[in-house]
Each structure stands twice: as structure tokens, then as C-alpha cells.
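Okay, start_13.cif is below, mmCIF, N, CA and C atoms:
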```
data_structure
loop_
_atom_site.label_atom_id
_atom_site.label_comp_id
_atom_site.auth_asym_id
_atom_site.auth_seq_id
_atom_site.Cartn_x
_atom_site.Cartn_y
_atom_site.Cartn_z
N MET A 1 3.73 14.55 8.00
CA MET A 1 4.61 13.71 8.75
C MET A 1 3.84 12.51 9.29
N ILE A 2 4.44 11.35 9.21
CA ILE A 2 3.82 10.14 9.73
C ILE A 2 4.09 10.06 11.23
N LYS A 3 3.02 10.02 11.99
CA LYS A 3 3.12 9.98 13.45
C LYS A 3 3.04 8.54 13.98
N TRP A 4 2.27 7.68 13.29
CA TRP A 4 2.04 6.32 13.75
C TRP A 4 1.76 5.42 12.55
N PHE A 5 2.25 4.19 12.63
CA PHE A 5 2.02 3.20 11.57
C PHE A 5 1.80 1.86 12.25
N GLU A 6 0.76 1.12 11.79
CA GLU A 6 0.57 -0.22 12.34
C GLU A 6 -0.14 -1.13 11.33
N PHE A 7 0.12 -2.42 11.48
CA PHE A 7 -0.61 -3.43 10.73
C PHE A 7 -1.81 -3.83 11.56
N THR A 8 -2.96 -4.05 10.92
CA THR A 8 -4.13 -4.54 11.64
C THR A 8 -4.57 -5.91 11.14
N SER A 9 -4.14 -6.27 9.94
CA SER A 9 -4.53 -7.56 9.38
C SER A 9 -3.50 -8.00 8.35
N ILE A 10 -3.13 -9.27 8.40
CA ILE A 10 -2.21 -9.84 7.41
C ILE A 10 -2.80 -11.15 6.93
N GLU A 11 -2.92 -11.28 5.62
CA GLU A 11 -3.46 -12.49 5.02
C GLU A 11 -2.56 -12.89 3.86
N ALA A 12 -2.14 -14.13 3.82
CA ALA A 12 -1.28 -14.61 2.74
C ALA A 12 -1.69 -16.03 2.37
N GLU A 13 -1.71 -16.29 1.07
CA GLU A 13 -2.12 -17.61 0.61
C GLU A 13 -1.39 -17.97 -0.68
N ARG A 14 -0.96 -19.21 -0.75
CA ARG A 14 -0.36 -19.75 -1.97
C ARG A 14 -1.39 -20.68 -2.60
N PHE A 15 -1.72 -20.43 -3.86
CA PHE A 15 -2.70 -21.24 -4.56
C PHE A 15 -2.05 -22.40 -5.33
N ALA A 16 -0.78 -22.25 -5.66
CA ALA A 16 -0.06 -23.29 -6.40
C ALA A 16 0.13 -24.51 -5.50
N LYS A 17 0.09 -25.67 -6.10
CA LYS A 17 0.24 -26.92 -5.35
C LYS A 17 1.70 -27.19 -5.03
N HIS A 18 1.91 -28.03 -4.01
CA HIS A 18 3.25 -28.42 -3.61
C HIS A 18 3.99 -29.03 -4.80
N GLY A 19 5.20 -28.58 -5.04
CA GLY A 19 6.01 -29.10 -6.13
C GLY A 19 5.77 -28.42 -7.47
N GLU A 20 4.71 -27.63 -7.57
CA GLU A 20 4.41 -26.93 -8.82
C GLU A 20 5.43 -25.81 -9.00
N VAL A 21 6.07 -25.78 -10.16
CA VAL A 21 7.10 -24.79 -10.44
C VAL A 21 6.44 -23.50 -10.91
N ILE A 22 6.86 -22.39 -10.31
CA ILE A 22 6.32 -21.08 -10.67
C ILE A 22 7.38 -20.36 -11.50
N LYS A 23 7.05 -20.11 -12.77
CA LYS A 23 7.97 -19.40 -13.66
C LYS A 23 7.27 -18.20 -14.25
N ASN A 24 8.02 -17.13 -14.42
CA ASN A 24 7.54 -15.92 -15.08
C ASN A 24 6.19 -15.45 -14.53
N VAL A 25 6.11 -15.28 -13.23
CA VAL A 25 4.88 -14.83 -12.60
C VAL A 25 4.87 -13.31 -12.57
N ARG A 26 3.77 -12.74 -12.99
CA ARG A 26 3.61 -11.29 -12.90
C ARG A 26 3.25 -10.97 -11.45
N ILE A 27 4.00 -10.04 -10.87
CA ILE A 27 3.76 -9.65 -9.48
C ILE A 27 3.24 -8.22 -9.49
N ASP A 28 1.97 -8.05 -9.08
CA ASP A 28 1.34 -6.74 -9.06
C ASP A 28 1.24 -6.24 -7.62
N HIS A 29 1.64 -4.99 -7.41
CA HIS A 29 1.53 -4.32 -6.11
C HIS A 29 0.40 -3.31 -6.18
N ASN A 30 -0.37 -3.19 -5.11
CA ASN A 30 -1.42 -2.19 -5.08
C ASN A 30 -1.54 -1.63 -3.67
N SER A 31 -1.37 -0.33 -3.54
CA SER A 31 -1.51 0.37 -2.27
C SER A 31 -2.77 1.23 -2.36
N THR A 32 -3.74 0.99 -1.47
CA THR A 32 -5.03 1.67 -1.54
C THR A 32 -5.37 2.28 -0.20
N ILE A 33 -5.84 3.52 -0.23
CA ILE A 33 -6.39 4.16 0.96
C ILE A 33 -7.85 3.76 1.02
N THR A 34 -8.28 3.14 2.11
CA THR A 34 -9.67 2.69 2.22
C THR A 34 -10.56 3.69 2.94
N SER A 35 -10.00 4.44 3.90
CA SER A 35 -10.79 5.47 4.58
C SER A 35 -9.88 6.44 5.31
N ILE A 36 -10.41 7.62 5.55
CA ILE A 36 -9.70 8.66 6.29
C ILE A 36 -10.68 9.29 7.26
N SER A 37 -10.22 9.50 8.49
CA SER A 37 -11.05 10.20 9.47
C SER A 37 -10.17 11.20 10.22
N LYS A 38 -10.78 12.31 10.56
CA LYS A 38 -10.07 13.37 11.26
C LYS A 38 -10.05 13.04 12.76
N VAL A 39 -8.86 13.05 13.35
CA VAL A 39 -8.70 12.76 14.77
C VAL A 39 -8.76 14.04 15.59
N ASN A 40 -8.01 15.05 15.15
CA ASN A 40 -8.01 16.37 15.79
C ASN A 40 -7.54 17.40 14.77
N GLU A 41 -7.19 18.59 15.20
CA GLU A 41 -6.82 19.67 14.27
C GLU A 41 -5.57 19.37 13.45
N SER A 42 -4.70 18.52 13.98
CA SER A 42 -3.45 18.26 13.27
C SER A 42 -3.30 16.82 12.76
N ASP A 43 -4.18 15.91 13.16
CA ASP A 43 -4.00 14.50 12.81
C ASP A 43 -5.20 13.92 12.06
N VAL A 44 -4.89 13.09 11.06
CA VAL A 44 -5.91 12.28 10.41
C VAL A 44 -5.49 10.81 10.50
N GLU A 45 -6.47 9.94 10.60
CA GLU A 45 -6.24 8.50 10.65
C GLU A 45 -6.53 7.95 9.26
N VAL A 46 -5.55 7.32 8.67
CA VAL A 46 -5.64 6.79 7.30
C VAL A 46 -5.60 5.27 7.37
N HIS A 47 -6.64 4.63 6.87
CA HIS A 47 -6.68 3.17 6.80
C HIS A 47 -6.29 2.77 5.38
N TYR A 48 -5.47 1.74 5.28
CA TYR A 48 -4.94 1.33 3.97
C TYR A 48 -5.05 -0.18 3.79
N ARG A 49 -4.89 -0.57 2.52
CA ARG A 49 -4.78 -1.98 2.15
C ARG A 49 -3.65 -2.08 1.13
N PHE A 50 -2.70 -2.97 1.39
CA PHE A 50 -1.59 -3.21 0.48
C PHE A 50 -1.70 -4.65 0.00
N THR A 51 -1.76 -4.83 -1.30
CA THR A 51 -1.95 -6.16 -1.87
C THR A 51 -0.83 -6.48 -2.85
N ILE A 52 -0.34 -7.71 -2.77
CA ILE A 52 0.59 -8.23 -3.77
C ILE A 52 -0.09 -9.45 -4.37
N ASN A 53 -0.33 -9.39 -5.67
CA ASN A 53 -1.02 -10.47 -6.37
C ASN A 53 -0.01 -11.18 -7.27
N TYR A 54 0.05 -12.50 -7.15
CA TYR A 54 0.98 -13.32 -7.92
C TYR A 54 0.28 -14.01 -9.08
N GLY A 55 -0.63 -13.33 -9.73
CA GLY A 55 -1.26 -13.83 -10.95
C GLY A 55 -1.84 -15.23 -10.84
N GLY A 56 -2.63 -15.50 -9.85
CA GLY A 56 -3.27 -16.80 -9.71
C GLY A 56 -2.47 -17.82 -8.92
N PHE A 57 -1.21 -17.51 -8.59
CA PHE A 57 -0.39 -18.44 -7.81
C PHE A 57 -0.42 -18.14 -6.32
N GLY A 58 -0.79 -16.90 -5.97
CA GLY A 58 -0.85 -16.55 -4.56
C GLY A 58 -1.19 -15.10 -4.37
N ILE A 59 -1.42 -14.73 -3.13
CA ILE A 59 -1.77 -13.35 -2.80
C ILE A 59 -1.31 -13.05 -1.37
N ILE A 60 -0.86 -11.82 -1.18
CA ILE A 60 -0.53 -11.31 0.15
C ILE A 60 -1.31 -10.02 0.32
N LYS A 61 -2.07 -9.93 1.41
CA LYS A 61 -2.86 -8.72 1.67
C LYS A 61 -2.55 -8.25 3.09
N ILE A 62 -2.17 -6.98 3.19
CA ILE A 62 -1.84 -6.38 4.48
C ILE A 62 -2.72 -5.14 4.64
N GLU A 63 -3.39 -5.04 5.77
CA GLU A 63 -4.19 -3.87 6.07
C GLU A 63 -3.66 -3.22 7.33
N GLY A 64 -3.89 -1.92 7.45
CA GLY A 64 -3.40 -1.23 8.63
C GLY A 64 -3.88 0.20 8.72
N MET A 65 -3.21 0.94 9.60
CA MET A 65 -3.61 2.30 9.88
C MET A 65 -2.37 3.18 10.06
N ILE A 66 -2.48 4.40 9.58
CA ILE A 66 -1.43 5.41 9.71
C ILE A 66 -2.07 6.64 10.34
N VAL A 67 -1.37 7.28 11.27
CA VAL A 67 -1.79 8.59 11.74
C VAL A 67 -0.84 9.59 11.07
N TYR A 68 -1.44 10.46 10.25
CA TYR A 68 -0.68 11.49 9.54
C TYR A 68 -0.86 12.81 10.27
N GLN A 69 0.25 13.47 10.57
CA GLN A 69 0.20 14.75 11.26
C GLN A 69 0.55 15.86 10.28
N GLY A 70 -0.34 16.83 10.17
CA GLY A 70 -0.13 17.95 9.26
C GLY A 70 -1.39 18.78 9.24
N ASP A 71 -1.74 19.29 8.07
CA ASP A 71 -2.95 20.08 7.92
C ASP A 71 -4.14 19.13 7.81
N ALA A 72 -4.60 18.64 8.95
CA ALA A 72 -5.63 17.61 8.98
C ALA A 72 -6.91 18.05 8.30
N ASP A 73 -7.32 19.29 8.51
CA ASP A 73 -8.56 19.77 7.92
C ASP A 73 -8.50 19.74 6.39
N ASN A 74 -7.41 20.23 5.82
CA ASN A 74 -7.24 20.23 4.36
C ASN A 74 -7.20 18.81 3.81
N VAL A 75 -6.45 17.93 4.45
CA VAL A 75 -6.34 16.54 3.99
C VAL A 75 -7.71 15.87 4.04
N TYR A 76 -8.41 16.03 5.14
CA TYR A 76 -9.72 15.40 5.31
C TYR A 76 -10.74 15.95 4.32
N GLN A 77 -10.80 17.27 4.18
CA GLN A 77 -11.77 17.88 3.26
C GLN A 77 -11.48 17.51 1.81
N THR A 78 -10.21 17.48 1.43
CA THR A 78 -9.84 17.08 0.06
C THR A 78 -10.29 15.64 -0.19
N TRP A 79 -10.08 14.77 0.79
CA TRP A 79 -10.50 13.37 0.66
C TRP A 79 -12.02 13.26 0.52
N ARG A 80 -12.75 14.00 1.36
CA ARG A 80 -14.22 13.94 1.32
C ARG A 80 -14.77 14.43 -0.01
N LYS A 81 -14.18 15.48 -0.58
CA LYS A 81 -14.69 16.07 -1.82
C LYS A 81 -14.32 15.26 -3.06
N SER A 82 -13.09 14.77 -3.11
CA SER A 82 -12.61 14.15 -4.35
C SER A 82 -12.21 12.69 -4.21
N GLY A 83 -12.11 12.18 -3.00
CA GLY A 83 -11.64 10.82 -2.82
C GLY A 83 -10.15 10.68 -3.06
N GLN A 84 -9.45 11.81 -3.09
CA GLN A 84 -8.01 11.83 -3.30
C GLN A 84 -7.34 12.63 -2.21
N LEU A 85 -6.04 12.43 -2.07
CA LEU A 85 -5.24 13.19 -1.12
C LEU A 85 -4.43 14.24 -1.87
N PRO A 86 -4.01 15.30 -1.20
CA PRO A 86 -3.05 16.22 -1.83
C PRO A 86 -1.81 15.43 -2.26
N ASP A 87 -1.21 15.81 -3.38
CA ASP A 87 -0.10 15.04 -3.97
C ASP A 87 1.03 14.75 -2.99
N ASP A 88 1.47 15.75 -2.24
CA ASP A 88 2.60 15.54 -1.34
C ASP A 88 2.24 14.58 -0.21
N VAL A 89 1.01 14.67 0.29
CA VAL A 89 0.54 13.78 1.35
C VAL A 89 0.40 12.35 0.80
N ALA A 90 -0.18 12.22 -0.39
CA ALA A 90 -0.36 10.90 -1.00
C ALA A 90 0.99 10.22 -1.23
N THR A 91 1.96 10.97 -1.71
CA THR A 91 3.29 10.41 -1.95
C THR A 91 3.90 9.92 -0.64
N GLU A 92 3.81 10.72 0.41
CA GLU A 92 4.39 10.33 1.70
C GLU A 92 3.68 9.11 2.29
N ILE A 93 2.36 9.10 2.23
CA ILE A 93 1.61 7.99 2.81
C ILE A 93 1.84 6.69 2.04
N HIS A 94 1.75 6.73 0.71
CA HIS A 94 1.95 5.51 -0.08
C HIS A 94 3.39 5.00 0.03
N THR A 95 4.36 5.91 0.08
CA THR A 95 5.75 5.50 0.26
C THR A 95 5.94 4.82 1.61
N THR A 96 5.32 5.35 2.65
CA THR A 96 5.39 4.75 3.98
C THR A 96 4.76 3.36 3.98
N ILE A 97 3.61 3.23 3.32
CA ILE A 97 2.94 1.93 3.24
C ILE A 97 3.86 0.91 2.57
N ILE A 98 4.41 1.27 1.43
CA ILE A 98 5.27 0.36 0.68
C ILE A 98 6.52 0.02 1.47
N ASN A 99 7.16 1.02 2.06
CA ASN A 99 8.41 0.79 2.80
C ASN A 99 8.21 -0.09 4.03
N ASN A 100 7.02 -0.12 4.59
CA ASN A 100 6.75 -0.97 5.75
C ASN A 100 6.17 -2.32 5.37
N CYS A 101 5.39 -2.37 4.31
CA CYS A 101 4.73 -3.63 3.93
C CYS A 101 5.62 -4.57 3.13
N ILE A 102 6.51 -4.04 2.31
CA ILE A 102 7.37 -4.91 1.49
C ILE A 102 8.24 -5.82 2.36
N PRO A 103 8.90 -5.33 3.41
CA PRO A 103 9.69 -6.27 4.24
C PRO A 103 8.82 -7.37 4.86
N GLU A 104 7.63 -7.02 5.31
CA GLU A 104 6.72 -8.03 5.86
C GLU A 104 6.33 -9.03 4.78
N ALA A 105 6.04 -8.53 3.59
CA ALA A 105 5.66 -9.40 2.47
C ALA A 105 6.83 -10.29 2.04
N MET A 106 8.06 -9.80 2.18
CA MET A 106 9.24 -10.61 1.84
C MET A 106 9.29 -11.85 2.74
N MET A 107 9.04 -11.66 4.02
CA MET A 107 9.07 -12.79 4.95
C MET A 107 7.93 -13.77 4.64
N LEU A 108 6.75 -13.24 4.36
CA LEU A 108 5.61 -14.10 4.04
C LEU A 108 5.84 -14.87 2.74
N SER A 109 6.40 -14.19 1.74
CA SER A 109 6.65 -14.87 0.45
C SER A 109 7.66 -15.99 0.63
N ARG A 110 8.65 -15.78 1.48
CA ARG A 110 9.63 -16.84 1.76
C ARG A 110 8.94 -18.04 2.41
N ASP A 111 8.10 -17.77 3.40
CA ASP A 111 7.42 -18.85 4.11
C ASP A 111 6.47 -19.64 3.22
N LEU A 112 5.86 -18.96 2.25
CA LEU A 112 4.90 -19.61 1.34
C LEU A 112 5.55 -20.10 0.04
N ARG A 113 6.86 -19.91 -0.07
CA ARG A 113 7.59 -20.29 -1.28
C ARG A 113 7.02 -19.60 -2.53
N LEU A 114 6.79 -18.30 -2.40
CA LEU A 114 6.40 -17.45 -3.52
C LEU A 114 7.60 -16.57 -3.88
N PRO A 115 7.67 -16.11 -5.11
CA PRO A 115 8.79 -15.22 -5.47
C PRO A 115 8.76 -13.95 -4.62
N PRO A 116 9.93 -13.37 -4.34
CA PRO A 116 9.95 -12.13 -3.56
C PRO A 116 9.25 -11.01 -4.33
N PRO A 117 8.53 -10.13 -3.62
CA PRO A 117 7.77 -9.07 -4.28
C PRO A 117 8.65 -7.89 -4.71
N LEU A 118 9.58 -8.16 -5.61
CA LEU A 118 10.50 -7.14 -6.09
C LEU A 118 10.34 -6.98 -7.59
N PRO A 119 10.67 -5.90 -8.21
CA PRO A 119 11.29 -4.70 -7.65
C PRO A 119 10.28 -3.86 -6.88
N LEU A 120 10.81 -2.99 -6.05
CA LEU A 120 9.95 -2.09 -5.28
C LEU A 120 9.28 -1.09 -6.21
N PRO A 121 7.99 -0.87 -6.03
CA PRO A 121 7.32 0.13 -6.85
C PRO A 121 7.74 1.53 -6.42
N LYS A 122 7.73 2.46 -7.37
CA LYS A 122 8.05 3.86 -7.10
C LYS A 122 6.74 4.63 -7.02
N VAL A 123 6.63 5.51 -6.04
CA VAL A 123 5.42 6.29 -5.86
C VAL A 123 5.70 7.75 -6.13
N GLU A 124 4.90 8.34 -7.03
CA GLU A 124 5.04 9.77 -7.32
C GLU A 124 3.71 10.24 -7.90
N PHE A 125 3.16 11.30 -7.34
CA PHE A 125 1.91 11.86 -7.82
C PHE A 125 2.17 13.24 -8.40
N LYS A 126 1.67 13.49 -9.62
CA LYS A 126 1.78 14.79 -10.25
C LYS A 126 0.45 15.10 -10.92
N ARG A 127 -0.28 16.04 -10.37
CA ARG A 127 -1.55 16.43 -10.96
C ARG A 127 -1.29 17.41 -12.10
N GLY A 128 -2.14 17.38 -13.10
CA GLY A 128 -1.99 18.28 -14.23
C GLY A 128 -1.12 17.69 -15.32
N LYS A 129 -0.17 16.88 -14.93
CA LYS A 129 0.66 16.16 -15.88
C LYS A 129 0.31 14.69 -15.73
N LYS A 130 0.75 13.91 -16.69
CA LYS A 130 0.50 12.48 -16.57
C LYS A 130 1.25 11.95 -15.35
N ALA A 131 0.52 11.26 -14.48
CA ALA A 131 1.12 10.72 -13.26
C ALA A 131 2.09 9.60 -13.61
N VAL A 132 3.16 9.52 -12.84
CA VAL A 132 4.16 8.49 -13.03
C VAL A 132 4.05 7.53 -11.86
N PHE A 133 3.84 6.27 -12.16
CA PHE A 133 3.69 5.26 -11.13
C PHE A 133 4.63 4.09 -11.42
N GLY A 134 4.93 3.35 -10.39
CA GLY A 134 5.64 2.09 -10.56
C GLY A 134 4.61 1.03 -10.89
N PRO A 135 4.98 -0.23 -10.85
CA PRO A 135 4.06 -1.30 -11.21
C PRO A 135 2.81 -1.34 -10.32
N GLU A 136 1.66 -1.07 -10.88
CA GLU A 136 0.36 -1.27 -10.25
C GLU A 136 0.19 -0.58 -8.89
N VAL A 137 0.73 0.60 -8.73
CA VAL A 137 0.51 1.35 -7.50
C VAL A 137 -0.56 2.38 -7.77
N ALA A 138 -1.60 2.37 -6.98
CA ALA A 138 -2.68 3.33 -7.18
C ALA A 138 -2.68 4.36 -6.08
#
```
Starting from the file, lay out its structure as C-alpha cells.
Amino acid sequence: MIKWFEFTSIEAERFAKHGEVIKNVRIDHNSTITSISKVNESDVEVHYRFTINYGGFGIIKIEGMIVYQGDADNVYQTWRKSGQLPDDVATEIHTTIINNCIPEAMMLSRDLRLPPPLPLPKVEFKRGKKAVFGPEVA
């Protein structure tokens, strides 16, 4: 369960010049866990980076922190050993990141005159089988 969510850094830049028409831009989304630390027996602090890359025309980068409440010891130990989260935890955390960052990125893309970062990527982790991901979600 997500106990807390916050943005700690927002960076957005348009590289295209004023008046330059942007057509057929590939929009890549990337949600990355940068670090995890154990807060107490039930909580872990997850730091993330969410990036939307407009293929050389612009970039939006949002960083922040989530407090995840659950089996903190298992989540933390799994992360330390493999650099991965349990599938159900990873799905919940990445979905939360996307659901909170996309609306913020929509406002930034409007202000910078970049295409909206749609469609929304789908997040699903399945170990043992080939993982199914939306566009560029890690």
C-alpha cells in the first residue's frame, strides 16, 4: 500500500526552436526506481525518476519519493539482493508513479508546447513468463 507520494524535483525543457513544427515525435516513458531504504518494520522509502523523452525535441524529468507500507523487510532484502522488487510491489509502485506523474507532465508539455505524453503506458510484471510492458516502462 502506498502511504506517501511526493515530487522532489521537476525539470522540463524544449529543444525545438520557436515556430519549429513537431511532427511524428516518438514519446518514450521511463519509470525507474533509483534507491530503496528501510524506514521501519512496515515501511520502505522508494526514490524514483520518471522521464518522458520527446526524441530530441524535449524532455520532462520528474523525481520523487514514495513510502510503501507492507512487508518492508522482504521488499528491502529483495531489492538489495537482485536490484528488483517483488512483482506485485513493483506493479503498484510503478502504476502510482505513472498515475501521479502523467498529469504533471501534461501541464508541463502544454506550457512548453510539446505533444501530450499519451497514450498512458501499462505496467505489469510477470516473472517466469515474458514480461508485458507498455511503451518504454522499465
Can you give me, as JSON, numbers by chain, the residues this file yields under the PyMOL selection byres ((chain A and resi 94-106) around 7)?
-> {"A": [31, 60, 89, 90, 91, 92, 93, 107, 108, 109, 110, 111, 116, 117, 123]}
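Between atom CA of Arg14 of chain A and atom CA of Leu114 of chain A the separation is 7.3 Å.
Interatomic distance, atom CA of Ile52 of chain A to atom CA of Asp87 of chain A: 23.3 Å.
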Which residues, written as number ranges by chain, have at least one atom at most 7 Å from Ala12 of chain A, with all atoms listed in the file counted and residues fewer than 6 positions away on the same chain left out?
-> A: 58-61
Could you give me, as an MDAnalysis selection string, the residues within 8 Å of segment 33-47 of chain A, counting only C-alpha atoms and dropping anything in the same chain fewer than 4 positions from it?
-> chainID A and resid 63:73 75:76 79
What lies within 8 Å of Arg26 of chain A using all atoms listed in the file, ignoring chain neighbours under 5 positions off, as a compact mmCIF listing (two decimals) with N, CA and C atoms, keeping the file's coordinate frame?
```
# COMPACT_ATOMS: atom_id res chain seq x y z
N ILE A 52 -0.34 -7.71 -2.77
CA ILE A 52 0.59 -8.23 -3.77
C ILE A 52 -0.09 -9.45 -4.37
N ASN A 53 -0.33 -9.39 -5.67
CA ASN A 53 -1.02 -10.47 -6.37
C ASN A 53 -0.01 -11.18 -7.27
N TYR A 54 0.05 -12.50 -7.15
CA TYR A 54 0.98 -13.32 -7.92
C TYR A 54 0.28 -14.01 -9.08
N GLY A 55 -0.63 -13.33 -9.73
CA GLY A 55 -1.26 -13.83 -10.95
C GLY A 55 -1.84 -15.23 -10.84
N GLY A 56 -2.63 -15.50 -9.85
CA GLY A 56 -3.27 -16.80 -9.71
C GLY A 56 -2.47 -17.82 -8.92
```
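Rounded to one decimal, atom CA of Ala16 of chain A and atom C of Arg113 of chain A lie 8.9 Å from each other.
Among the candidates A:Leu112, A:Leu118, A:Thr51, A:Asn74, the one nearest to Asn30 of chain A when counting all atoms listed in the file is A:Thr51.
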Just list the residues in segment 16-105 of chain A DSSP gives helix (DSSP H, G or I) on the backbone, as a VMD selection string.
-> chain A and resid 72 to 82 87 to 105
Taking the chain letters and numbering used in this document, name the residues of segment 5-135 of chain A that DSSP puts in strand (DSSP E), as a ChimeraX atom specification.
-> /A:5-14,28-38,43-53,58-69
Go ahead and write the selection's residues with N, CA and C atoms as a compact mmCIF listing (two decimals), in the coordinates of the input.
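Below is the file result-v7.txt, written as the result:
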```
# COMPACT_ATOMS: atom_id res chain seq x y z
N PHE A 5 2.25 4.19 12.63
CA PHE A 5 2.02 3.20 11.57
C PHE A 5 1.80 1.86 12.25
N GLU A 6 0.76 1.12 11.79
CA GLU A 6 0.57 -0.22 12.34
C GLU A 6 -0.14 -1.13 11.33
N PHE A 7 0.12 -2.42 11.48
CA PHE A 7 -0.61 -3.43 10.73
C PHE A 7 -1.81 -3.83 11.56
N THR A 8 -2.96 -4.05 10.92
CA THR A 8 -4.13 -4.54 11.64
C THR A 8 -4.57 -5.91 11.14
N SER A 9 -4.14 -6.27 9.94
CA SER A 9 -4.53 -7.56 9.38
C SER A 9 -3.50 -8.00 8.35
N ILE A 10 -3.13 -9.27 8.40
CA ILE A 10 -2.21 -9.84 7.41
C ILE A 10 -2.80 -11.15 6.93
N GLU A 11 -2.92 -11.28 5.62
CA GLU A 11 -3.46 -12.49 5.02
C GLU A 11 -2.56 -12.89 3.86
N ALA A 12 -2.14 -14.13 3.82
CA ALA A 12 -1.28 -14.61 2.74
C ALA A 12 -1.69 -16.03 2.37
N GLU A 13 -1.71 -16.29 1.07
CA GLU A 13 -2.12 -17.61 0.61
C GLU A 13 -1.39 -17.97 -0.68
N ARG A 14 -0.96 -19.21 -0.75
CA ARG A 14 -0.36 -19.75 -1.97
C ARG A 14 -1.39 -20.68 -2.60
N ASP A 28 1.97 -8.05 -9.08
CA ASP A 28 1.34 -6.74 -9.06
C ASP A 28 1.24 -6.24 -7.62
N HIS A 29 1.64 -4.99 -7.41
CA HIS A 29 1.53 -4.32 -6.11
C HIS A 29 0.40 -3.31 -6.18
N ASN A 30 -0.37 -3.19 -5.11
CA ASN A 30 -1.42 -2.19 -5.08
C ASN A 30 -1.54 -1.63 -3.67
N SER A 31 -1.37 -0.33 -3.54
CA SER A 31 -1.51 0.37 -2.27
C SER A 31 -2.77 1.23 -2.36
N THR A 32 -3.74 0.99 -1.47
CA THR A 32 -5.03 1.67 -1.54
C THR A 32 -5.37 2.28 -0.20
N ILE A 33 -5.84 3.52 -0.23
CA ILE A 33 -6.39 4.16 0.96
C ILE A 33 -7.85 3.76 1.02
N THR A 34 -8.28 3.14 2.11
CA THR A 34 -9.67 2.69 2.22
C THR A 34 -10.56 3.69 2.94
N SER A 35 -10.00 4.44 3.90
CA SER A 35 -10.79 5.47 4.58
C SER A 35 -9.88 6.44 5.31
N ILE A 36 -10.41 7.62 5.55
CA ILE A 36 -9.70 8.66 6.29
C ILE A 36 -10.68 9.29 7.26
N SER A 37 -10.22 9.50 8.49
CA SER A 37 -11.05 10.20 9.47
C SER A 37 -10.17 11.20 10.22
N LYS A 38 -10.78 12.31 10.56
CA LYS A 38 -10.07 13.37 11.26
C LYS A 38 -10.05 13.04 12.76
N ASP A 43 -4.18 15.91 13.16
CA ASP A 43 -4.00 14.50 12.81
C ASP A 43 -5.20 13.92 12.06
N VAL A 44 -4.89 13.09 11.06
CA VAL A 44 -5.91 12.28 10.41
C VAL A 44 -5.49 10.81 10.50
N GLU A 45 -6.47 9.94 10.60
CA GLU A 45 -6.24 8.50 10.65
C GLU A 45 -6.53 7.95 9.26
N VAL A 46 -5.55 7.32 8.67
CA VAL A 46 -5.64 6.79 7.30
C VAL A 46 -5.60 5.27 7.37
N HIS A 47 -6.64 4.63 6.87
CA HIS A 47 -6.68 3.17 6.80
C HIS A 47 -6.29 2.77 5.38
N TYR A 48 -5.47 1.74 5.28
CA TYR A 48 -4.94 1.33 3.97
C TYR A 48 -5.05 -0.18 3.79
N ARG A 49 -4.89 -0.57 2.52
CA ARG A 49 -4.78 -1.98 2.15
C ARG A 49 -3.65 -2.08 1.13
N PHE A 50 -2.70 -2.97 1.39
CA PHE A 50 -1.59 -3.21 0.48
C PHE A 50 -1.70 -4.65 0.00
N THR A 51 -1.76 -4.83 -1.30
CA THR A 51 -1.95 -6.16 -1.87
C THR A 51 -0.83 -6.48 -2.85
N ILE A 52 -0.34 -7.71 -2.77
CA ILE A 52 0.59 -8.23 -3.77
C ILE A 52 -0.09 -9.45 -4.37
N ASN A 53 -0.33 -9.39 -5.67
CA ASN A 53 -1.02 -10.47 -6.37
C ASN A 53 -0.01 -11.18 -7.27
N GLY A 58 -0.79 -16.90 -5.97
CA GLY A 58 -0.85 -16.55 -4.56
C GLY A 58 -1.19 -15.10 -4.37
N ILE A 59 -1.42 -14.73 -3.13
CA ILE A 59 -1.77 -13.35 -2.80
C ILE A 59 -1.31 -13.05 -1.37
N ILE A 60 -0.86 -11.82 -1.18
CA ILE A 60 -0.53 -11.31 0.15
C ILE A 60 -1.31 -10.02 0.32
N LYS A 61 -2.07 -9.93 1.41
CA LYS A 61 -2.86 -8.72 1.67
C LYS A 61 -2.55 -8.25 3.09
N ILE A 62 -2.17 -6.98 3.19
CA ILE A 62 -1.84 -6.38 4.48
C ILE A 62 -2.72 -5.14 4.64
N GLU A 63 -3.39 -5.04 5.77
CA GLU A 63 -4.19 -3.87 6.07
C GLU A 63 -3.66 -3.22 7.33
N GLY A 64 -3.89 -1.92 7.45
CA GLY A 64 -3.40 -1.23 8.63
C GLY A 64 -3.88 0.20 8.72
N MET A 65 -3.21 0.94 9.60
CA MET A 65 -3.61 2.30 9.88
C MET A 65 -2.37 3.18 10.06
N ILE A 66 -2.48 4.40 9.58
CA ILE A 66 -1.43 5.41 9.71
C ILE A 66 -2.07 6.64 10.34
N VAL A 67 -1.37 7.28 11.27
CA VAL A 67 -1.79 8.59 11.74
C VAL A 67 -0.84 9.59 11.07
N TYR A 68 -1.44 10.46 10.25
CA TYR A 68 -0.68 11.49 9.54
C TYR A 68 -0.86 12.81 10.27
N GLN A 69 0.25 13.47 10.57
CA GLN A 69 0.20 14.75 11.26
C GLN A 69 0.55 15.86 10.28
```
